[in-house]
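See structure below.
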Amino acid sequence: MQKAIHKTRDKNHARRLTAMLMLHRGERVSDVARTLCCARSSVGRWINWFTHSGIEGLKSLPAGRSRRWPFEHICTLLRELIKHSPGDFGYQRSRWSTELLAIKINEITGCQLHAGTVRRWLPSAGLVWRRAAPTLRIRDPHKDEKMAVIHKALDECSAEHPVFYEDEVDIHLNPKIGADWQLRGQQKRVVTPGQNEKILSGRRTAQWHG
């Protein structure tokens with residue numbers, strides 16, 4: 001790769017090659033971007049070009065031509081993107097739209113794909129539009145210990161040593177669950193309860209039966 005850097009007369013090609021060489025030596029994306037005076041997103045785009053097409057993918061194309069990626073590579077990229085939430089990439093959205101997928105793909109690849117083209121390719125990538133399934137949060141790993149303490153207190157409850165139930169809880173209401181692009185044969189999970197919460201508090205004795 002060093003030979004290619006010295007051989008090329010294209011300064012942009014040399015910069016992309018230098019970025020890959022710096023990353024290979026263990027430098028971080030942010031450090032590479034700072035050293036080469038480019039955006040981190042540009043470095044990320046070069047990484048994708050190099051991953052899919054090798055050194056050839058880093059060469060500059062003649063002016064007026066857009067970069068063309070093989071259809072199979074675009075489908076692979078689509079499947080990888082929908083494994084993540086748009087929020088993972090800094091977007092203020094919880095679900096992928098074809099327009100947003102097109103924007104992200106164009107950013108990564110340098111292509112100029114239209115949202116309509118992406119929409120036609122989604123089924124070929126094995127993706128379907130369906131509603132996610134709600135799922136519960138992870139069980140409290142200390143529940144058994146806590147319940148043992150509670151049962152012991154109840155067993156020893158008396159008029160002289162009353163036990164009171166006192167609590168203030170956050171009531172999380174289930175979030176609205178809509179459809180999203182998902183791999184065929186799989187279904188995304190949305191953890192419930194969600195973030196729409198209400199607070200309820202109260203107290204009574206453990207011996208109250210009314």
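We label chains A, B, ... in the order they appear in the structure tokens, count residues from 1 in each chain, and number ligands from 1 in the order shown.
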With range 4-13 of chain A as the partner and 8 Å as the cut-off, tabulate the residues of range 18-130 of chain A that qualify, each row holding the nearest pair of atoms and their distance in Å to one decimal, using only C-alpha atoms, sorted by chain and rising number, as JSON lines.
```
{"residue": "A:Thr18", "atom": "CA", "partner": "A:Ile5", "partner_atom": "CA", "distance": 7.1}
{"residue": "A:Leu58", "atom": "CA", "partner": "A:His13", "partner_atom": "CA", "distance": 6.3}
{"residue": "A:Lys59", "atom": "CA", "partner": "A:His13", "partner_atom": "CA", "distance": 5.5}
{"residue": "A:Ser60", "atom": "CA", "partner": "A:His13", "partner_atom": "CA", "distance": 6.0}
```
Convert the current residue selection to file output with N, CA and C atoms, as a tab-separated table (two decimals), in the first residue's frame.
```tsv
chain	number	residue	atom	x	y	z
A	18	THR	N	-3.59	6.38	2.51
A	18	THR	CA	-2.92	6.71	3.77
A	18	THR	C	-3.83	6.43	4.96
A	58	LEU	N	-10.55	2.26	-3.75
A	58	LEU	CA	-10.14	3.57	-3.25
A	58	LEU	C	-9.72	4.52	-4.35
A	59	LYS	N	-9.67	4.03	-5.59
A	59	LYS	CA	-9.27	4.89	-6.70
A	59	LYS	C	-10.38	5.90	-7.01
A	60	SER	N	-9.97	7.09	-7.44
A	60	SER	CA	-10.92	8.12	-7.82
A	60	SER	C	-11.52	7.79	-9.18
```
Checklist entry - What residues in range 4-123 of chain A get the DSSP label alpha helix (DSSP H)? Please answer as an MDAnalysis selection string. => result chainID A and resid 4:7 11:24 29:36 40:53 71:81 98:109 115:121
Checklist entry - Suppose you want the space between CA of Gly26 in chain A and CA of Leu77 in chain A; what is it in Å? => result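 Separation of CA of Gly26 in chain A and CA of Leu77 in chain A: 24.7 Å.
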Checklist entry - By how many Å are CA of Trp49 in chain A and CA of Thr109 in chain A apart? => result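 If I compute the distance from CA of Trp49 in chain A to CA of Thr109 in chain A, I get 6.8 Å.
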Item to check | Computed interatomic separation between CA of Gly90 in chain A and CA of Gly44 in chain A (Å) | outcome: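 Value for the CA of Gly90 in chain A-CA of Gly44 in chain A distance: 14.5 Å.
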Next on the checklist: Here is a test: counting only C-alpha atoms, which residue of A:Trp181, A:Phe164, A:Phe89, A:Phe50 is nearest to Arg130 in chain A?
Outcome noted: A:Trp181
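Minimum atom-to-atom distance to Trp129 in chain A, evaluated using only C-alpha atoms, belongs to A:Arg95 out of A:His24, A:Arg45, A:Arg95, A:Lys3.
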Next on the checklist: Just want the 12 Å neighbourhood of Lys104 in chain A, counted on only C-alpha atoms, with same-chain residues fewer than 3 positions away dropped. Output as a PyMOL selection string.
Outcome noted: chain A and resi 41+44-45+74+77-78+80-82+86+88-91+96-101+107-115+118
Restricted to C-alpha atoms, what would the selected residues look like written as a PDB file, in the first residue's frame?
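Saved file again_23.pdb follows:
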```
ATOM      1  CA  SER A  41     -17.879   9.925   7.923  1.00  0.00           C
ATOM      2  CA  GLY A  44     -15.996   5.395   7.365  1.00  0.00           C
ATOM      3  CA  ARG A  45     -16.967   5.557   3.697  1.00  0.00           C
ATOM      4  CA  ILE A  74     -25.952  -3.123  -1.499  1.00  0.00           C
ATOM      5  CA  LEU A  77     -25.371  -3.429   3.473  1.00  0.00           C
ATOM      6  CA  LEU A  78     -29.165  -3.170   3.790  1.00  0.00           C
ATOM      7  CA  GLU A  80     -26.558  -4.912   8.191  1.00  0.00           C
ATOM      8  CA  LEU A  81     -28.225  -1.517   8.574  1.00  0.00           C
ATOM      9  CA  ILE A  82     -31.600  -2.870   9.706  1.00  0.00           C
ATOM     10  CA  PRO A  86     -31.422   4.743  13.146  1.00  0.00           C
ATOM     11  CA  ASP A  88     -27.331   4.270  16.519  1.00  0.00           C
ATOM     12  CA  PHE A  89     -26.240   6.483  13.608  1.00  0.00           C
ATOM     13  CA  GLY A  90     -27.387   9.748  15.174  1.00  0.00           C
ATOM     14  CA  TYR A  91     -30.803   9.995  13.516  1.00  0.00           C
ATOM     15  CA  TRP A  96     -36.033   2.891   9.128  1.00  0.00           C
ATOM     16  CA  SER A  97     -37.797   4.392   6.132  1.00  0.00           C
ATOM     17  CA  THR A  98     -36.702   3.769   2.550  1.00  0.00           C
ATOM     18  CA  GLU A  99     -35.702   7.431   2.301  1.00  0.00           C
ATOM     19  CA  LEU A 100     -33.475   7.176   5.375  1.00  0.00           C
ATOM     20  CA  LEU A 101     -31.946   3.899   4.176  1.00  0.00           C
ATOM     21  CA  GLU A 107     -23.346   8.334   2.583  1.00  0.00           C
ATOM     22  CA  ILE A 108     -21.464   5.049   3.036  1.00  0.00           C
ATOM     23  CA  THR A 109     -20.956   4.095  -0.594  1.00  0.00           C
ATOM     24  CA  GLY A 110     -20.847   7.400  -2.427  1.00  0.00           C
ATOM     25  CA  CYS A 111     -23.601   6.145  -4.732  1.00  0.00           C
ATOM     26  CA  GLN A 112     -26.649   8.192  -5.691  1.00  0.00           C
ATOM     27  CA  LEU A 113     -29.413   5.655  -5.128  1.00  0.00           C
ATOM     28  CA  HIS A 114     -33.008   6.884  -5.127  1.00  0.00           C
ATOM     29  CA  ALA A 115     -35.335   5.813  -2.314  1.00  0.00           C
ATOM     30  CA  VAL A 118     -33.881   0.968  -2.450  1.00  0.00           C
TER      31      VAL A 118
END
```
Checklist entry - Could you name the residues that touch Ala33 in chain A at 12 Å or less, counting only C-alpha atoms, but leaving out those on the same chain fewer than 2 positions away, as a PyMOL selection string? => result chain A and resi 15-16+18-20+22-23+27-31+35-46
